[in-house]
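Below: one structure, written as structure tokens.
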Amino acid sequence: MKTQYYTATSIDGYLADEDNSLDWLFQFGEIEEIDGVDEDYTQFIDQVGALAMGSTTYEWIIEHENVLENPEKWPYEIPAWVFSSRELPKIDGANVHFVQGDVAPVHADMVEAADGKNVWLVGGGDLVGQFHDNDLLDEIILSVAPVTLGSGAPLLPRRITTPPLKLASVQKYDDVFAVLTYEVQ
Ligand SMILES: NC(=O)c1ccc[n+]([C@@H]2O[C@H](COP(=O)([O-])OP(=O)(O)OC[C@H]3O[C@@H](n4cnc5c(N)ncnc54)[C@H](OP(=O)(O)O)[C@@H]3O)[C@@H](O)[C@H]2O)c1
């Protein structure tokens with residue numbers, strides 16, 4: 001069982017631009033149409049038993065997919081943990097736990113719920129950093145899109161130098177994505 005940060009990023013390390021927009025990512029059309037990307041995601045998500053995200057990411061999904069009015073558009077069947085200090089809107093029928101504060105006890109609950117499968121940290125970067133601060137991050141899988149943003153939501157605002165991450169694999173999808181997998185040592 002691993003705790004994985006699996007995300008798309010710009011070359012210069014941003015998850016979203018300053019307006020929390022992902023238009024730069026969606027310009028590649030249906031990402032699933034790029035050869036191999038759909039299989040990559042399917043293989044990944046099949047092994048995931050629980051996921052976590054911060055409130056900005058949750059609110060982005062709700063807004064982007066109009067999920068409150070169309071709850072069936074919540075994209076995950078596996079249980080999700082959403083971190084926020086605020087009371088956020090709930091989605092009818094979605095398996096979402098709202099939590100705040102220390103990530104360690106939440107991680108323990110996620111591992112239990114995942115029942116031997118992996119834990120996915122969806123983002124954002126500081127939330128993933130909090131898991132890393134607690135030695136709870138095992139792997140980082142980045143789909144690097146061929147764009148730079150200059151500013152925005154940072155990929156992982158931490159200093160991880162010694163020991164460095166270990167580059168475990170490199171894959172190329174069309175002339176768009178480089179998928180880099182790193183192990184946290
Ligand atoms: N490129 C991709 O594939 C990808 C992946 C993931 C996300 N994104 C996008 O990237 C952006 C990420 O935004 P973001 O960096 O602001 O991150 P975020 O992690 O989604 O949201 C940050 C918020 O989460 C809450 N939070 C974090 N840790 C907490 C804790 N321990 N306890 C309580 N609340 C906590 C706080 O919100 P409160 O103010 O509610 O307390 C904080 O302001 C979003 O636009 C998202 O849609 C893109």
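We label chains A, B, ... in the order they appear in the structure tokens, count residues from 1 in each chain, and number ligands from 1 in the order shown.
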Long-range neighbours of range 120-129 of chain A as number ranges by chain, 7 Å cut-off, only C-alpha atoms, 4 positions minimum in chain: A: 3-7, 48, 50-54, 57, 133, 154-158
Go ahead and save the residues from that selection, with C-alpha atoms, as a PDB file, in the first residue's frame.
```pdb
ATOM      1  CA  THR A   3       0.377   7.021  -0.467  1.00  0.00           C
ATOM      2  CA  GLN A   4       0.667   8.681  -3.865  1.00  0.00           C
ATOM      3  CA  TYR A   5       0.517  12.229  -5.164  1.00  0.00           C
ATOM      4  CA  TYR A   6      -0.747  11.800  -8.743  1.00  0.00           C
ATOM      5  CA  THR A   7      -1.306  15.035 -10.634  1.00  0.00           C
ATOM      6  CA  VAL A  48      -6.664   3.409  -5.189  1.00  0.00           C
ATOM      7  CA  ALA A  50      -9.192   6.354  -0.669  1.00  0.00           C
ATOM      8  CA  LEU A  51      -8.386   9.921  -1.744  1.00  0.00           C
ATOM      9  CA  ALA A  52      -7.828  13.330  -0.155  1.00  0.00           C
ATOM     10  CA  MET A  53      -8.024  16.908  -1.424  1.00  0.00           C
ATOM     11  CA  GLY A  54      -8.106  20.493  -0.169  1.00  0.00           C
ATOM     12  CA  THR A  57      -9.826  21.503  -5.423  1.00  0.00           C
ATOM     13  CA  ASP A 133       5.972  16.663   6.717  1.00  0.00           C
ATOM     14  CA  PRO A 154       2.284  25.446  -6.493  1.00  0.00           C
ATOM     15  CA  LEU A 155       2.909  21.754  -7.135  1.00  0.00           C
ATOM     16  CA  LEU A 156       4.662  21.029  -3.828  1.00  0.00           C
ATOM     17  CA  PRO A 157       5.827  24.045  -1.806  1.00  0.00           C
ATOM     18  CA  ARG A 158       8.406  22.192   0.261  1.00  0.00           C
TER      19      ARG A 158
END
```
If you run DSSP on this backbone, which residues of range 19-94 of chain A come out as strand (DSSP E), and could you give them as number ranges by chain? A: 48-54, 80-83
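The two atoms in question, atom 40 (O, counted along the ligand's line) of ligand 1 and CA of Thr56 in chain A, are spaced 7.0 Å apart.
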Give me the residues near Gln47 in chain A as a VMD selection string, where near means some atom within 8 Å (using only C-alpha atoms) and where sequence neighbours in that chain fewer than 3 positions away do not count. chain A and resid 43 to 44 117 to 118
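From CA of Leu88 in chain A back to atom 40 (O, counted along the ligand's line) of ligand 1, the distance works out to 7.7 Å.
Distances to ligand 1 were evaluated for A:Ala108, A:Val103, A:Val119, A:Leu136 using only C-alpha atoms and all ligand atoms, and the minimum falls at A:Val103.
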Can you measure CA of Ile61 in chain A to atom 44 (C, counted along the ligand's line) of ligand 1 for me? One decimal in Å is fine. 8.9 Å
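You can rank A:Gly13, A:Gly116, A:Pro71, A:Pro79 by their closest distance to ligand 1 using only C-alpha atoms and all ligand atoms, and at the top of that list sits A:Gly13.
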